[in-house]
Amino acid sequence: MTISRREILKAGLAAGTALSIPSVLRAQSASAASRTVHMVKTHALSIFDPIYTATNVTADYGAAIYDTLFSLDSKFMPQPQMVGKWGVSDDKKTYTFELRDGLGWHDGTPVTAADCVASIRRWGQVAPGGQMLLARASDISKKDDQIFKIVLKEPLGPLVDILGDLTPSCLFIMREKDANRPATEQVTTTVGSGPFTFNEALAKPGASYAFDRNEKYVPRKEPSDGLAGGKIVNVDRVIWDVIADQQTAMAALQAGEIDYYETPPADFYSMIESDPNLELQVRDTGQDAVLRMNHLQPPFNNVKARQAILHLIDQDAFMRVMAPDPKYSSAITSIFGSTPPYSNDENTGWYKKGGNPEKAKQLFNEAGYAGERIVILDPTDWHEGDNASQLLASELRKIGINAELASMDWGALSVRRANKGPVEDGGWNIFITTENDYGLSNPLTDPMLPANGDQAWYGWPKNDEYEALRAKWANTEAVEERKDLARRMQAIWWDFVGDVRLGKYVVPIARRKTLTGLIGVPQLVPMWNMKKVPA
Amino acid sequence: MTGYIVRRIVSTIAVMAMVGIFVFLLLRLAPGDPAVMIAGRSATEEVIAGIREQLGLNDPLPLQFMRWVRDMLGGDFGVSIFSGRPVLELISQRLEPTLSLSVLTMILSVSVGVSFGILAAWRTGGLIDRLLAAFSAFGYSVPVFVIGYFLIYVFAIRTHWLPVQGYKPIEIGLWPWFVHLILPTVALGLGYIAFIARVTRASMLEVLSEDYMRTAAAKGASSYAMLVHHALKNAGVPILTVIGISFAYLIGGVVLTETVFNIPGIGRLVVDAINNRDYPIIQSVLILTSGLYVLINLTVDLTYTLIDPRIRY
């Protein structure tokens with residue numbers, strides 16, 4: 001048998017082609033990988049309706065697939081998003097909104113004013129700001145397919161701020177047929193008009209969820225600024241991987257299997273900082289730790305006992321057990337959090353570094369405390385809350401208070417905290433929670449700030465003078481006037497001690513350095529604007 | 001035999017009914033409320049009450065129980081309280097990863113564990129036996145998550161040979177499926193290898209001391225023939241029992257491995273459902289798992305007759 005030169009050349013060419021296939025495939029695969037971002041969220045997405053639930057992960061899902069009428073810019077000022085033009089009558093009672101051109105649902109139909117009206121009505125059933133809007137509105141209706149109006153019985157100063165508020169449940173605009181459901185009935189369809197579409201085919205409940213770039217989305221012309229401006233999507237797909245184990249999530253980030261890890265534990269910070277491929281990034285305003293007391297039951301139905309807790313707290317010590325890295329925690333003395341412009345220092349003379357246990361002991365005595373059991377609900381499945389509850393119990397015992405920890409998971413705590421009765425009947429005295437620092441800047445929408453007794457959040461603080469000022473907030477449009485209101489409200493709050501703050505902390509996200517352009521806003525994690533550069 | 005199978009299936013139904021009542025009551029009497037979990041940490045009582053009403057959680061317990069039983073007998077396992085998706089759909093999506101991991105682990109454990117057991121019995125008291133005893137003690141006593149993290153560090157982070165986490169369905173390709181299961185299988189299998197090896201060794205030693213083994217040796221049978229043809233077959237019943245129990249235990253007990261290697265299996269589904277108080281998922285998985293457990297035991301019992309003809313039902 002003889003082999004010709006031409007045959008050798010053919011065979012060589014074929015072999016070369018065959019050998020190059022894997023590298024071609026690898027190159028294609030690498031290119032696709034650079035257009036796909038893998039994110040690990042704090043919680044798994046299990047509910048697909050951002051009005052039905054106020055959980056953050058569902059709000060993030062909402063921010064991806066739905067759009068909003070207004071969005072807050074980086075200075076927390078509302079800017080039109082779906083709205084093109086809007087105006088208000090001279091008597092400040094009639095608002096008219098016109099949708100901008102090019103808005104369409106993922107199913108190909110156009111967004112109409114009727115969709116917006118139905119969405120506002122549904123959101124108004126559950127969101128505090130929306131409830132206030134519905135209570136003041138005499139008419140919310142469409143004028144035509146592009147224009148709708150809100151007519152108020154009396155002016156509502158921050159109406160546009162409320163429409164653009166980013167605190168879950170945010171006002172995400174849904175299709176009229178979805179929004180016509182009661183807010184307590186879940187919408188399970190995933191059709192929005194936002195910059196991403198939800199990829200149902202790739203959804204693996206409890207494992208991963210995929211969002212694709214909405215090719216038909218028409219962004220605003222303005223540059224991206226906070227949540228406002230053009231929502232430009234620079235990647236083809238974002239996948240939310242559900243990784244329950246923190247160590248595994250960290251290993252996946254190190255190995256390049258994921259690009260973003262939302263809440264790495266503090267133990268991993270040094271490991272992340274020493275890895276040349278990884279970076280920690282603070283993109284949120286953080287959480288304020290809040291201690292709620294039951295105002296309806298002894299001893300905290302007595303203001304002296306509540307003041308005792310205020311003086312007892314050593315915020316540094318609480319932050320050490322809740323957020324061990326001091327870089328990411330600080331003291332907080334304003335009930336409006338640390339976010340401008342309403343954070344202030346009015347009536348904060350109670351604050352003392354290290355706390356003031358002697359003063360606390362004296363105040364408990366003045367309150368007539370006689371050794372009653374003080375039950376602290378201790379959420380053992382929430383590490384930070386568990387640590388803080390144990391520290392609190394220890395500090396109380398040191399000054400002779402009969403503190404008892406009731407250990408339970410957060411689910412059980414959420415049920416027990418609704419019990420207004422005495423501790424002998426399954427009630428409670430204290431529990432610790434957190435609230436978004438930015439959310440606290442709005443006394444109309446944040447659940448922690450009302451002090452209207454039975455209608456207030458758990459703990460049921462009541463102060464009519466404070467509430468009268470809070471009601472004024474709704475009628476005040478000028479920022480300077482609201483700042484003055486904020487100071488007066490805070491002065492009263494710290495006198496009657498509606499609740500107690502334990503400090504503020506922030507959990508930075510961890511990301512690979514190849515992922516850039518993440519928008520830093522509180523509460524939500526927008527996925528537009530981010531870019532992934534090939535490694 | 002048929003009568004025996006019918007009796008066992010009837011008893012299976014009784015067991016599942018008892019599990020159903022127990023699980024239903026346990027979940028309803030345990031503290032926690034799915035409406036609270038849905039509404040979010042800062043939700044008002046009004047919103048929570050509305051969700052609770054809509055989910056039917058305010059109905060009397062007997063009514064809720066009867067509704068659940070009626071639907072289940074009609075093949076309807078309900079929908080997840082959270083996602084609103086059919087529970088059977090969610091379970092079927094999670095079945096493949098758990099079964100893949102369990103079957104691979106059993107293949108590895110049985111093949112290696114039985115071989116090690118035979119080897120240790122054959123060289124009892126020798127170096128191999130001692131080494132295998134040490135290995136068994138190690139495999140049995142080191143927690144699966146320690147082994148898991150160690151394997152991830154060496155084979156995924158340091159060398160990049162294998163993926164850290166995740167699962168690829170078999171339909172995507174045999175190789176991606178297999179590659180993602182290598183580390184979890186080894187981590188999970190180590191304990192079972194140790195267990196099966198110890199039982200096999202003990203069982204083999206008992207048989208090897210029988211008179212008929214001495215007779216076989218006197219007749220000049222080779223070591224291989226003595227160990228595999230004569231001893232292993234007679235030592236098979238206890239080994240098979242252990243394998244059966246291990247497999248049943250494996251299906252219900254892979255949750256830790258699934259968590260460490262981020263495999264979206266049944267175990268993770270139940271843990272998430274428990275955290276969320278998603279009653280329909282927890283109830284359905286526990287009912288189906290208990291049924292599967294009884295079924296595996298029945299299969300093992302029936303397999304005895306193939307190994308030992310003296311066993312009759």
# chains A, B, ... in the order shown; residues from 1 in each chain; ligands from 1
$ residues_around --residues "range 333-345 of chain A" --least-positions-apart "2" --cutoff "6 Å" --atoms "only C-alpha atoms" --output "ChimeraX atom specification"
/A:348,437-438,440-441,483
$ write_last_selection --atoms "C-alpha atoms" --output "PDB file, in the first residue's frame"
ATOM      1  CA  THR A 348     -29.823  62.151  71.691  1.00  0.00           C
ATOM      2  CA  ASP A 437     -31.498  52.113  57.189  1.00  0.00           C
ATOM      3  CA  TYR A 438     -32.830  53.867  54.120  1.00  0.00           C
ATOM      4  CA  LEU A 440     -36.347  54.429  58.142  1.00  0.00           C
ATOM      5  CA  SER A 441     -36.018  57.793  56.434  1.00  0.00           C
ATOM      6  CA  LYS A 483     -36.468  68.176  58.321  1.00  0.00           C
TER       7      LYS A 483
END
$ residues_around --residues "Leu190 in chain B" --least-positions-apart "2" --cutoff "8 Å" --atoms "only C-alpha atoms" --output "list in words"
Ser109, Gly139, Tyr140, Val186, Ala187, Leu188, Tyr192, Ile193 and Ala194 of chain B
$ write_last_selection --atoms "C-alpha atoms" --output "short mmCIF file (atom, residue, chain, number, x, y, z; two decimals), in the first residue's frame"
data_model
loop_
_atom_site.label_atom_id
_atom_site.label_comp_id
_atom_site.auth_asym_id
_atom_site.auth_seq_id
_atom_site.Cartn_x
_atom_site.Cartn_y
_atom_site.Cartn_z
CA SER B 109 -20.21 1.58 48.29
CA GLY B 139 -14.80 6.50 56.96
CA TYR B 140 -17.39 5.77 59.59
CA VAL B 186 -17.07 9.90 47.18
CA ALA B 187 -17.89 12.09 50.19
CA LEU B 188 -21.18 10.36 50.85
CA TYR B 192 -21.26 3.47 53.56
CA ILE B 193 -18.13 1.77 52.23
CA ALA B 194 -16.89 1.51 55.82
#
$ select_by_dssp --residues "range 405-479 of chain A" --states "alpha helix (DSSP H)" --output "ChimeraX atom specification"
/A:410-416,464-473,479
$ write_last_selection --atoms "C-alpha atoms" --output "PDB file, in the first residue's frame"
ATOM      1  CA  TRP A 410     -37.872  33.183  63.239  1.00  0.00           C
ATOM      2  CA  GLY A 411     -41.051  31.568  61.935  1.00  0.00           C
ATOM      3  CA  ALA A 412     -42.224  30.831  65.462  1.00  0.00           C
ATOM      4  CA  LEU A 413     -41.115  34.259  66.669  1.00  0.00           C
ATOM      5  CA  SER A 414     -43.148  35.900  63.920  1.00  0.00           C
ATOM      6  CA  VAL A 415     -46.270  34.218  65.264  1.00  0.00           C
ATOM      7  CA  ARG A 416     -45.602  34.812  68.955  1.00  0.00           C
ATOM      8  CA  ASP A 464     -50.663  61.085  70.055  1.00  0.00           C
ATOM      9  CA  GLU A 465     -48.393  64.118  69.901  1.00  0.00           C
ATOM     10  CA  TYR A 466     -45.885  62.211  67.788  1.00  0.00           C
ATOM     11  CA  GLU A 467     -48.653  60.872  65.555  1.00  0.00           C
ATOM     12  CA  ALA A 468     -50.002  64.383  64.961  1.00  0.00           C
ATOM     13  CA  LEU A 469     -46.583  65.378  63.633  1.00  0.00           C
ATOM     14  CA  ARG A 470     -46.366  62.230  61.515  1.00  0.00           C
ATOM     15  CA  ALA A 471     -49.739  63.080  59.981  1.00  0.00           C
ATOM     16  CA  LYS A 472     -48.377  66.521  59.064  1.00  0.00           C
ATOM     17  CA  TRP A 473     -45.589  64.837  57.121  1.00  0.00           C
ATOM     18  CA  VAL A 479     -37.743  69.131  52.397  1.00  0.00           C
TER      19      VAL A 479
END
$ interface_residues --of "chain B" --to "chain A" --cutoff "6 Å" --atoms "only C-alpha atoms" --output "list of chain:residue names"
B:Pro31, B:Gly32, B:Ile38, B:Ala39, B:Gly40, B:Gly50, B:Ile51, B:Phe82, B:Ser83, B:Ile157, B:Val164, B:Thr259, B:Val260, B:Asn262, B:Pro264
$ write_last_selection --atoms "N, CA and C atoms" --output "compact mmCIF listing (two decimals), in the first residue's frame"
# COMPACT_ATOMS: atom_id res chain seq x y z
N PRO B 31 -44.98 25.60 66.27
CA PRO B 31 -45.12 27.04 66.08
C PRO B 31 -44.64 27.46 64.69
N GLY B 32 -45.16 28.58 64.22
CA GLY B 32 -44.78 29.07 62.89
C GLY B 32 -45.99 29.21 62.00
N ILE B 38 -44.49 34.42 54.17
CA ILE B 38 -44.78 34.98 52.85
C ILE B 38 -44.78 36.50 52.92
N ALA B 39 -45.43 37.04 53.93
CA ALA B 39 -45.63 38.49 53.99
C ALA B 39 -44.33 39.25 54.20
N GLY B 40 -43.35 38.63 54.79
CA GLY B 40 -42.07 39.32 55.03
C GLY B 40 -41.98 39.80 56.46
N GLY B 50 -54.83 38.53 55.95
CA GLY B 50 -55.40 38.38 54.62
C GLY B 50 -54.82 37.16 53.90
N ILE B 51 -53.51 37.00 53.99
CA ILE B 51 -52.85 35.86 53.32
C ILE B 51 -53.31 34.55 53.97
N PHE B 82 -45.91 28.54 48.80
CA PHE B 82 -45.08 29.67 48.40
C PHE B 82 -45.09 29.92 46.90
N SER B 83 -44.67 28.92 46.14
CA SER B 83 -44.51 29.18 44.71
C SER B 83 -45.80 28.99 43.93
N ILE B 157 -10.90 23.72 44.20
CA ILE B 157 -10.28 25.04 44.33
C ILE B 157 -8.80 25.01 43.95
N VAL B 164 -17.01 22.66 41.94
CA VAL B 164 -17.27 22.78 43.37
C VAL B 164 -18.66 22.27 43.71
N THR B 259 -26.55 19.58 50.51
CA THR B 259 -26.32 20.97 50.91
C THR B 259 -24.87 21.37 50.63
N VAL B 260 -23.93 20.51 51.04
CA VAL B 260 -22.51 20.85 50.85
C VAL B 260 -22.18 21.01 49.37
N ASN B 262 -24.40 21.50 46.96
CA ASN B 262 -25.45 22.27 46.29
C ASN B 262 -26.16 21.44 45.20
N PRO B 264 -29.64 20.07 44.04
CA PRO B 264 -31.05 20.36 44.32
C PRO B 264 -31.90 19.10 44.39
$ residues_around --residues "Met106 in chain B" --least-positions-apart "2" --cutoff "10 Å" --atoms "only C-alpha atoms" --output "MDAnalysis selection string"
chainID B and resid 100:104 108:113 185 188:189 192:193 243:244 246:247 250
$ write_last_selection --atoms "N, CA and C atoms" --output "PDB file, in the first residue's frame"
ATOM      1  N   SER B 100     -29.900   9.957  41.445  1.00  0.00           N
ATOM      2  CA  SER B 100     -28.581   9.828  40.801  1.00  0.00           C
ATOM      3  C   SER B 100     -27.495   9.684  41.857  1.00  0.00           C
ATOM      4  N   LEU B 101     -27.540  10.562  42.832  1.00  0.00           N
ATOM      5  CA  LEU B 101     -26.525  10.535  43.888  1.00  0.00           C
ATOM      6  C   LEU B 101     -26.622   9.234  44.691  1.00  0.00           C
ATOM      7  N   SER B 102     -27.842   8.827  45.009  1.00  0.00           N
ATOM      8  CA  SER B 102     -28.028   7.620  45.820  1.00  0.00           C
ATOM      9  C   SER B 102     -27.555   6.367  45.074  1.00  0.00           C
ATOM     10  N   VAL B 103     -27.940   6.261  43.795  1.00  0.00           N
ATOM     11  CA  VAL B 103     -27.577   5.051  43.032  1.00  0.00           C
ATOM     12  C   VAL B 103     -26.061   4.987  42.844  1.00  0.00           C
ATOM     13  N   LEU B 104     -25.455   6.119  42.456  1.00  0.00           N
ATOM     14  CA  LEU B 104     -23.994   6.110  42.277  1.00  0.00           C
ATOM     15  C   LEU B 104     -23.287   5.769  43.585  1.00  0.00           C
ATOM     16  N   LEU B 108     -20.836   2.549  44.201  1.00  0.00           N
ATOM     17  CA  LEU B 108     -19.469   2.700  44.738  1.00  0.00           C
ATOM     18  C   LEU B 108     -19.335   1.960  46.070  1.00  0.00           C
ATOM     19  N   SER B 109     -20.315   2.149  46.942  1.00  0.00           N
ATOM     20  CA  SER B 109     -20.205   1.579  48.291  1.00  0.00           C
ATOM     21  C   SER B 109     -20.233   0.054  48.261  1.00  0.00           C
ATOM     22  N   VAL B 110     -21.142  -0.505  47.459  1.00  0.00           N
ATOM     23  CA  VAL B 110     -21.268  -1.971  47.425  1.00  0.00           C
ATOM     24  C   VAL B 110     -20.030  -2.588  46.789  1.00  0.00           C
ATOM     25  N   SER B 111     -19.599  -2.011  45.641  1.00  0.00           N
ATOM     26  CA  SER B 111     -18.464  -2.631  44.959  1.00  0.00           C
ATOM     27  C   SER B 111     -17.191  -2.530  45.806  1.00  0.00           C
ATOM     28  N   VAL B 112     -16.942  -1.377  46.354  1.00  0.00           N
ATOM     29  CA  VAL B 112     -15.710  -1.203  47.139  1.00  0.00           C
ATOM     30  C   VAL B 112     -15.866  -1.835  48.534  1.00  0.00           C
ATOM     31  N   GLY B 113     -17.012  -1.596  49.152  1.00  0.00           N
ATOM     32  CA  GLY B 113     -17.222  -2.082  50.522  1.00  0.00           C
ATOM     33  C   GLY B 113     -17.183  -3.599  50.605  1.00  0.00           C
ATOM     34  N   THR B 185     -20.406  11.854  45.505  1.00  0.00           N
ATOM     35  CA  THR B 185     -20.511  10.402  45.653  1.00  0.00           C
ATOM     36  C   THR B 185     -19.411   9.873  46.563  1.00  0.00           C
ATOM     37  N   LEU B 188     -20.073  11.066  50.227  1.00  0.00           N
ATOM     38  CA  LEU B 188     -21.182  10.358  50.854  1.00  0.00           C
ATOM     39  C   LEU B 188     -20.881   8.868  50.984  1.00  0.00           C
ATOM     40  N   GLY B 189     -20.156   8.326  49.981  1.00  0.00           N
ATOM     41  CA  GLY B 189     -19.940   6.880  49.930  1.00  0.00           C
ATOM     42  C   GLY B 189     -18.969   6.363  50.978  1.00  0.00           C
ATOM     43  N   TYR B 192     -20.561   4.720  53.924  1.00  0.00           N
ATOM     44  CA  TYR B 192     -21.260   3.475  53.558  1.00  0.00           C
ATOM     45  C   TYR B 192     -20.268   2.372  53.189  1.00  0.00           C
ATOM     46  N   ILE B 193     -19.170   2.749  52.542  1.00  0.00           N
ATOM     47  CA  ILE B 193     -18.126   1.766  52.233  1.00  0.00           C
ATOM     48  C   ILE B 193     -17.643   1.136  53.547  1.00  0.00           C
ATOM     49  N   ILE B 243     -27.237  -3.546  52.821  1.00  0.00           N
ATOM     50  CA  ILE B 243     -27.296  -2.734  51.593  1.00  0.00           C
ATOM     51  C   ILE B 243     -28.696  -2.125  51.446  1.00  0.00           C
ATOM     52  N   GLY B 244     -29.716  -2.940  51.698  1.00  0.00           N
ATOM     53  CA  GLY B 244     -31.091  -2.454  51.583  1.00  0.00           C
ATOM     54  C   GLY B 244     -31.371  -1.318  52.548  1.00  0.00           C
ATOM     55  N   SER B 246     -29.182   0.568  53.945  1.00  0.00           N
ATOM     56  CA  SER B 246     -28.347   1.716  53.573  1.00  0.00           C
ATOM     57  C   SER B 246     -29.003   2.503  52.450  1.00  0.00           C
ATOM     58  N   PHE B 247     -29.537   1.808  51.461  1.00  0.00           N
ATOM     59  CA  PHE B 247     -30.138   2.495  50.322  1.00  0.00           C
ATOM     60  C   PHE B 247     -31.357   3.300  50.760  1.00  0.00           C
ATOM     61  N   LEU B 250     -30.184   6.153  52.699  1.00  0.00           N
ATOM     62  CA  LEU B 250     -29.508   7.100  51.815  1.00  0.00           C
ATOM     63  C   LEU B 250     -30.492   8.079  51.196  1.00  0.00           C
TER      64      LEU B 250
END
$ atom_distance --atom1 "CA of Gln281 in chain A" --atom2 "CA of Val507 in chain A"
8.9 Å
$ residues_around --residues "His230 in chain B" --least-positions-apart "6" --cutoff "9 Å" --atoms "only C-alpha atoms" --output "list in words"
Val207, Leu208, Tyr212, Met213 and Ala216 of chain B
$ residues_around --residues "Gly520 in chain A" --least-positions-apart "4" --cutoff "9 Å" --atoms "only C-alpha atoms" --output "MDAnalysis selection string"
chainID A and resid 74 226:227 282:285 524:526
$ residues_around --residues "Leu55 in chain B" --least-positions-apart "5" --cutoff "12 Å" --atoms "only C-alpha atoms" --output "list in words"
Thr184, Glu185 and Gln186 of chain A; Asp33, Pro34, Ala35, Val36, Ile38, Ile48, Ala49, Gly50, Gln64, Gly78, Val79, Ser80, Ile81, Phe82, Gly84, Asp278, Tyr279 and Pro280 of chain B
$ closest_residue --among "A:Asn452, A:Asn302, A:Thr516, A:Thr197" --to "Leu363 in chain A" --atoms "only C-alpha atoms"
A:Asn302
$ residues_around --residues "Ala14 in chain B" --least-positions-apart "5" --cutoff "12 Å" --atoms "only C-alpha atoms" --output "list in words"
Arg7, Arg8, Ile9, Val19, Gly20, Ile21, Ile287, Ser290, Gly291 and Val294 of chain B
$ write_last_selection --atoms "C-alpha atoms" --output "PDB file, in the first residue's frame"
ATOM      1  CA  ARG B   7     -50.044  -8.354  53.269  1.00  0.00           C
ATOM      2  CA  ARG B   8     -46.911  -6.196  53.092  1.00  0.00           C
ATOM      3  CA  ILE B   9     -48.532  -3.721  50.675  1.00  0.00           C
ATOM      4  CA  VAL B  19     -47.269   8.874  58.934  1.00  0.00           C
ATOM      5  CA  GLY B  20     -49.795  11.174  57.247  1.00  0.00           C
ATOM      6  CA  ILE B  21     -51.779  11.823  60.437  1.00  0.00           C
ATOM      7  CA  ILE B 287     -45.569  10.331  52.788  1.00  0.00           C
ATOM      8  CA  SER B 290     -42.093   6.492  53.943  1.00  0.00           C
ATOM      9  CA  GLY B 291     -43.762   4.542  51.123  1.00  0.00           C
ATOM     10  CA  VAL B 294     -41.264   0.288  53.045  1.00  0.00           C
TER      11      VAL B 294
END
$ atom_distance --atom1 "CA of Asp91 in chain A" --atom2 "CA of Ile147 in chain A"
19.8 Å
$ atom_distance --atom1 "CA of Glu477 in chain A" --atom2 "CA of Ala118 in chain A"
26.3 Å
